[in-house]
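Single-structure report; data block below.
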Amino acid sequence: MKRFLKTKDFAVSGEEFELLLDSELNMLRTHPQPKDLENYYDSEEYISHTDVAKTLVEKLYQQIKQYNLRKKIRLINKYTTSDKTLLDIGAGTGSFLESAKLSGWETYGIEPNKKARDLAINKGLELRENIDLLGKQGFQVITLWHVLEHLPDLELQINKIGSLLNRNGTLILAVPNFQSYDAKYYKEYWAAYDVPRHLSHFSQLSIKKLFAKNGMKVLRIKPMIFDSFYVSLLSEKYKCGKGNFLRAFLVGLKSNILAWKTKEYSSLLYVLKMDEKAF
């Protein structure tokens, strides 16, 4: 694998990392991948592990999160049967599972971060620390909202996730897209690289190939249009030392306009099912 670009951890440690191109899968891999990743999540600013809304970025994130929660519930309801079992991997503070539970779903969650799990407990949820603690139970819907990019031993984890999905179940995942305009514009400052917490960086082709190896096929790909604005705002902070709201808005807008034709949005949501041809 050859170097794609060099970037650094802007959020926590300031350490430098390389992104290496896996040309076979058309994806990037963070190098090196630290063995003890937990320390890189140990920050009050790591927003998905908190429910705070003090700064402009935090307030924007929480507002978008509430909007997205409603959309997520509508989406999973499209793929339910009489079996409304839901597993959310990387559940964070449990906001999505809380909403799903209120909508009649039997909810299960995985979240390795203790701080986030404790916040979920206050919402009446019980999250397990890792996927191996689930046993052999099957689920009708499994979701990973901006989580796949965090998983070490990616191919092994995808295999485990597939083994937990019911034969007619649905897998839904959202990931950043390093082939978007905002990724190309900000380059090493693109906030969605988020090294080393993000270990893998995906294209549409890489998602299709990775999951095809485990008997799953992509049914739908949907844009996540708000992500370009949020990511651009963070990227401005990393690039210039402060968030330039206007420029971030313009870059995010241009990214979405160009993606209307190219389909290369800042983040993409994938709906996958087991491929019956694989059996």
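Labeling convention for the structure tokens: chains A, B, ... as they appear, residues from 1 per chain, ligands from 1 in order of appearance.
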Near stretch 156-172 of chain A, 9 Å: stretch 180-278 of chain A residue rows, closest pairs, only C-alpha atoms, as a Markdown table:
```
| residue | atom | partner | partner_atom | distance |
| --- | --- | --- | --- | --- |
| A:Leu210 | CA | A:Ile158 | CA | 8.0 |
| A:Phe211 | CA | A:Ile158 | CA | 7.2 |
| A:Lys213 | CA | A:Asn159 | CA | 8.8 |
| A:Asn214 | CA | A:Asn159 | CA | 6.1 |
| A:Gly215 | CA | A:Gly162 | CA | 8.1 |
| A:Met216 | CA | A:Gly162 | CA | 7.9 |
| A:Leu269 | CA | A:Ile172 | CA | 7.2 |
| A:Tyr270 | CA | A:Ile172 | CA | 5.7 |
| A:Val271 | CA | A:Ile172 | CA | 4.7 |
| A:Leu272 | CA | A:Leu171 | CA | 5.0 |
| A:Lys273 | CA | A:Thr170 | CA | 5.1 |
| A:Met274 | CA | A:Arg167 | CA | 6.5 |
| A:Glu276 | CA | A:Arg167 | CA | 8.8 |
```
Mind listing the helix (DSSP H, G or I) residues of stretch 37-220 of chain A, per DSSP on the backbone, as a PDB file with C-alpha atoms, in the first residue's frame?
```
ATOM      1  CA  LEU A  37      -7.174   3.364  21.171  1.00  0.00           C
ATOM      2  CA  GLU A  38      -9.158   4.211  24.308  1.00  0.00           C
ATOM      3  CA  ASN A  39      -6.779   7.049  25.187  1.00  0.00           C
ATOM      4  CA  TYR A  40      -7.602   8.778  21.889  1.00  0.00           C
ATOM      5  CA  TYR A  41     -11.277   8.974  22.875  1.00  0.00           C
ATOM      6  CA  ILE A  47     -18.877  14.841  20.976  1.00  0.00           C
ATOM      7  CA  SER A  48     -20.536  11.488  20.276  1.00  0.00           C
ATOM      8  CA  HIS A  49     -19.707  10.337  23.806  1.00  0.00           C
ATOM      9  CA  LEU A  56     -21.653  26.428  18.392  1.00  0.00           C
ATOM     10  CA  VAL A  57     -20.356  23.145  16.975  1.00  0.00           C
ATOM     11  CA  GLU A  58     -21.905  21.156  19.835  1.00  0.00           C
ATOM     12  CA  LYS A  59     -25.243  22.912  19.444  1.00  0.00           C
ATOM     13  CA  LEU A  60     -25.198  22.318  15.695  1.00  0.00           C
ATOM     14  CA  TYR A  61     -24.318  18.662  16.237  1.00  0.00           C
ATOM     15  CA  GLN A  62     -27.135  18.107  18.744  1.00  0.00           C
ATOM     16  CA  GLN A  63     -29.720  19.832  16.523  1.00  0.00           C
ATOM     17  CA  ILE A  64     -28.733  17.735  13.531  1.00  0.00           C
ATOM     18  CA  LYS A  65     -28.719  14.637  15.752  1.00  0.00           C
ATOM     19  CA  GLN A  66     -32.354  15.178  16.738  1.00  0.00           C
ATOM     20  CA  TYR A  67     -33.373  15.592  13.107  1.00  0.00           C
ATOM     21  CA  ASN A  68     -31.423  12.491  12.115  1.00  0.00           C
ATOM     22  CA  LEU A  69     -32.934  10.448  14.951  1.00  0.00           C
ATOM     23  CA  ARG A  70     -36.397  10.930  13.487  1.00  0.00           C
ATOM     24  CA  LYS A  71     -35.147   9.943  10.030  1.00  0.00           C
ATOM     25  CA  LYS A  72     -33.390   6.857  11.398  1.00  0.00           C
ATOM     26  CA  ILE A  73     -36.536   5.606  13.105  1.00  0.00           C
ATOM     27  CA  ARG A  74     -38.551   6.044   9.917  1.00  0.00           C
ATOM     28  CA  LEU A  75     -35.858   4.157   8.030  1.00  0.00           C
ATOM     29  CA  ILE A  76     -35.655   1.116  10.319  1.00  0.00           C
ATOM     30  CA  ASN A  77     -39.460   0.919  10.459  1.00  0.00           C
ATOM     31  CA  SER A  95     -30.061   8.353  22.008  1.00  0.00           C
ATOM     32  CA  PHE A  96     -30.954   6.278  18.940  1.00  0.00           C
ATOM     33  CA  LEU A  97     -31.831   3.188  20.985  1.00  0.00           C
ATOM     34  CA  GLU A  98     -33.918   5.320  23.328  1.00  0.00           C
ATOM     35  CA  SER A  99     -35.948   6.602  20.364  1.00  0.00           C
ATOM     36  CA  ALA A 100     -36.257   3.100  18.885  1.00  0.00           C
ATOM     37  CA  LYS A 101     -37.434   1.671  22.200  1.00  0.00           C
ATOM     38  CA  LEU A 102     -40.184   4.289  22.345  1.00  0.00           C
ATOM     39  CA  LYS A 114     -17.574   3.414  29.653  1.00  0.00           C
ATOM     40  CA  LYS A 115     -18.416   7.107  29.894  1.00  0.00           C
ATOM     41  CA  ALA A 116     -20.925   6.805  27.058  1.00  0.00           C
ATOM     42  CA  ARG A 117     -22.363   3.562  28.502  1.00  0.00           C
ATOM     43  CA  ASP A 118     -22.960   5.262  31.850  1.00  0.00           C
ATOM     44  CA  LEU A 119     -24.939   8.028  30.139  1.00  0.00           C
ATOM     45  CA  ALA A 120     -27.010   5.353  28.383  1.00  0.00           C
ATOM     46  CA  ILE A 121     -27.789   3.687  31.742  1.00  0.00           C
ATOM     47  CA  ILE A 131     -20.000  -7.813  20.309  1.00  0.00           C
ATOM     48  CA  ASP A 132     -18.704 -11.103  21.722  1.00  0.00           C
ATOM     49  CA  LEU A 133     -20.960 -10.685  24.793  1.00  0.00           C
ATOM     50  CA  LEU A 134     -24.133 -11.046  22.693  1.00  0.00           C
ATOM     51  CA  LEU A 148     -17.584   0.989  10.891  1.00  0.00           C
ATOM     52  CA  GLU A 149     -14.632   3.329  10.399  1.00  0.00           C
ATOM     53  CA  HIS A 150     -13.702   2.883  14.091  1.00  0.00           C
ATOM     54  CA  LEU A 154     -12.299  -4.723  10.082  1.00  0.00           C
ATOM     55  CA  GLU A 155     -12.827  -7.879   8.005  1.00  0.00           C
ATOM     56  CA  LEU A 156     -13.212 -10.025  11.149  1.00  0.00           C
ATOM     57  CA  GLN A 157     -15.728  -7.574  12.622  1.00  0.00           C
ATOM     58  CA  ILE A 158     -17.782  -7.541   9.407  1.00  0.00           C
ATOM     59  CA  ASN A 159     -17.905 -11.340   9.535  1.00  0.00           C
ATOM     60  CA  LYS A 160     -19.157 -11.234  13.143  1.00  0.00           C
ATOM     61  CA  ILE A 161     -21.803  -8.638  12.275  1.00  0.00           C
ATOM     62  CA  GLY A 162     -23.033 -10.748   9.377  1.00  0.00           C
ATOM     63  CA  SER A 163     -23.364 -13.791  11.643  1.00  0.00           C
ATOM     64  CA  LEU A 164     -25.726 -11.819  13.935  1.00  0.00           C
ATOM     65  CA  TYR A 181     -15.604  17.182  -2.705  1.00  0.00           C
ATOM     66  CA  ASP A 182     -15.139  18.426   0.872  1.00  0.00           C
ATOM     67  CA  ALA A 183     -12.608  15.632   1.515  1.00  0.00           C
ATOM     68  CA  LYS A 184     -10.630  16.677  -1.567  1.00  0.00           C
ATOM     69  CA  TYR A 185     -10.920  20.376  -0.671  1.00  0.00           C
ATOM     70  CA  TYR A 186      -9.669  20.084   2.926  1.00  0.00           C
ATOM     71  CA  LYS A 187      -7.166  17.263   2.251  1.00  0.00           C
ATOM     72  CA  GLU A 188      -5.205  16.508   5.444  1.00  0.00           C
ATOM     73  CA  TYR A 189      -7.464  18.858   7.430  1.00  0.00           C
ATOM     74  CA  ALA A 191     -12.259  16.363   9.917  1.00  0.00           C
ATOM     75  CA  ALA A 192     -13.848  13.066   8.872  1.00  0.00           C
ATOM     76  CA  TYR A 193     -10.419  11.434   8.642  1.00  0.00           C
ATOM     77  CA  GLN A 204     -18.687   3.177  -2.380  1.00  0.00           C
ATOM     78  CA  LEU A 205     -16.688   0.439  -4.071  1.00  0.00           C
ATOM     79  CA  SER A 206     -14.969  -0.606  -0.843  1.00  0.00           C
ATOM     80  CA  ILE A 207     -18.282  -1.034   0.999  1.00  0.00           C
ATOM     81  CA  LYS A 208     -19.675  -3.193  -1.794  1.00  0.00           C
ATOM     82  CA  LYS A 209     -16.553  -5.364  -1.970  1.00  0.00           C
ATOM     83  CA  LEU A 210     -16.059  -5.755   1.794  1.00  0.00           C
ATOM     84  CA  PHE A 211     -19.599  -6.899   2.444  1.00  0.00           C
ATOM     85  CA  ALA A 212     -19.854  -9.041  -0.697  1.00  0.00           C
TER      86      ALA A 212
END
```
Can you pull out every residue from stretch 50-258 of chain A that DSSP, working from the backbone, puts in strand (DSSP E or B), and format the result as an mmCIF file with C-alpha atoms, in the first residue's frame?
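Full text of selection_38.cif as output:
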```cif
data_model
loop_
_atom_site.group_PDB
_atom_site.id
_atom_site.type_symbol
_atom_site.label_atom_id
_atom_site.label_comp_id
_atom_site.auth_asym_id
_atom_site.auth_seq_id
_atom_site.Cartn_x
_atom_site.Cartn_y
_atom_site.Cartn_z
ATOM 1 C CA THR A 85 -35.205 -6.763 17.246
ATOM 2 C CA LEU A 86 -32.595 -4.053 16.825
ATOM 3 C CA LEU A 87 -28.864 -4.074 17.510
ATOM 4 C CA ASP A 88 -27.020 -0.750 17.400
ATOM 5 C CA ILE A 89 -23.246 -1.148 17.305
ATOM 6 C CA GLU A 106 -36.634 -4.529 21.365
ATOM 7 C CA THR A 107 -33.263 -2.838 21.640
ATOM 8 C CA TYR A 108 -29.717 -4.052 22.193
ATOM 9 C CA GLY A 109 -26.538 -2.003 22.023
ATOM 10 C CA ILE A 110 -22.763 -2.254 21.893
ATOM 11 C CA LEU A 127 -25.294 -1.622 26.577
ATOM 12 C CA ARG A 128 -22.718 -4.389 26.287
ATOM 13 C CA PHE A 139 -31.377 -9.504 14.870
ATOM 14 C CA GLN A 140 -33.814 -8.212 12.294
ATOM 15 C CA VAL A 141 -32.011 -4.866 11.955
ATOM 16 C CA ILE A 142 -28.394 -4.035 12.793
ATOM 17 C CA THR A 143 -27.200 -0.432 12.596
ATOM 18 C CA LEU A 144 -23.791 1.219 12.646
ATOM 19 C CA TRP A 145 -24.053 5.015 12.523
ATOM 20 C CA LEU A 165 -28.070 -10.727 11.148
ATOM 21 C CA ASN A 166 -31.254 -12.723 10.534
ATOM 22 C CA ARG A 167 -31.457 -14.390 7.116
ATOM 23 C CA ASN A 168 -34.041 -11.793 5.989
ATOM 24 C CA GLY A 169 -32.609 -9.050 8.166
ATOM 25 C CA THR A 170 -31.282 -5.612 7.195
ATOM 26 C CA LEU A 171 -27.928 -4.009 7.897
ATOM 27 C CA ILE A 172 -27.806 -0.207 7.852
ATOM 28 C CA LEU A 173 -24.560 1.711 8.125
ATOM 29 C CA ALA A 174 -23.361 5.266 7.612
ATOM 30 C CA VAL A 175 -19.737 6.192 6.921
ATOM 31 C CA PRO A 176 -17.757 9.202 5.655
ATOM 32 C CA ASN A 177 -16.822 9.172 1.976
ATOM 33 C CA SER A 200 -10.593 2.819 7.822
ATOM 34 C CA HIS A 201 -11.833 5.299 5.221
ATOM 35 C CA PHE A 202 -14.344 4.102 2.652
ATOM 36 C CA MET A 216 -24.183 -9.249 1.715
ATOM 37 C CA LYS A 217 -25.188 -6.890 -1.056
ATOM 38 C CA VAL A 218 -25.933 -3.165 -1.095
ATOM 39 C CA LEU A 219 -29.589 -2.445 -1.880
ATOM 40 C CA ARG A 220 -29.663 1.325 -1.477
ATOM 41 C CA ILE A 221 -27.236 4.204 -0.996
ATOM 42 C CA LYS A 222 -28.603 7.432 0.469
ATOM 43 C CA PRO A 223 -26.908 10.822 0.996
#
```
Quick one: everything within 12 Å of A:Pro34, counting only C-alpha atoms, minus sequence neighbours fewer than 4 positions away in the same chain. Send it as a PyMOL selection string.
chain A and resi 15-17+30+38-40+150+152+195-199
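Minimum atom-to-atom distances from A:Met1, A:Val12, A:Ile225, A:Leu20 to A:Ser180 were compared using only C-alpha atoms, and the lowest value belongs to A:Ile225.
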Using only C-alpha atoms, the residue out of A:Glu24, A:Ser82, A:Ser255, A:Phe10 with shortest distance to A:Gly241 is A:Phe10
Judged by only C-alpha atoms, the minimum distance to A:Arg29 among A:Lys261, A:Gly90, A:Lys2, A:Asp227 is found for A:Lys2
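Among A:Lys136, A:Gly92, A:Lys123, A:Ser228, the residue with the shortest atom-to-atom distance to A:Ile257, counting only C-alpha atoms, is A:Ser228.
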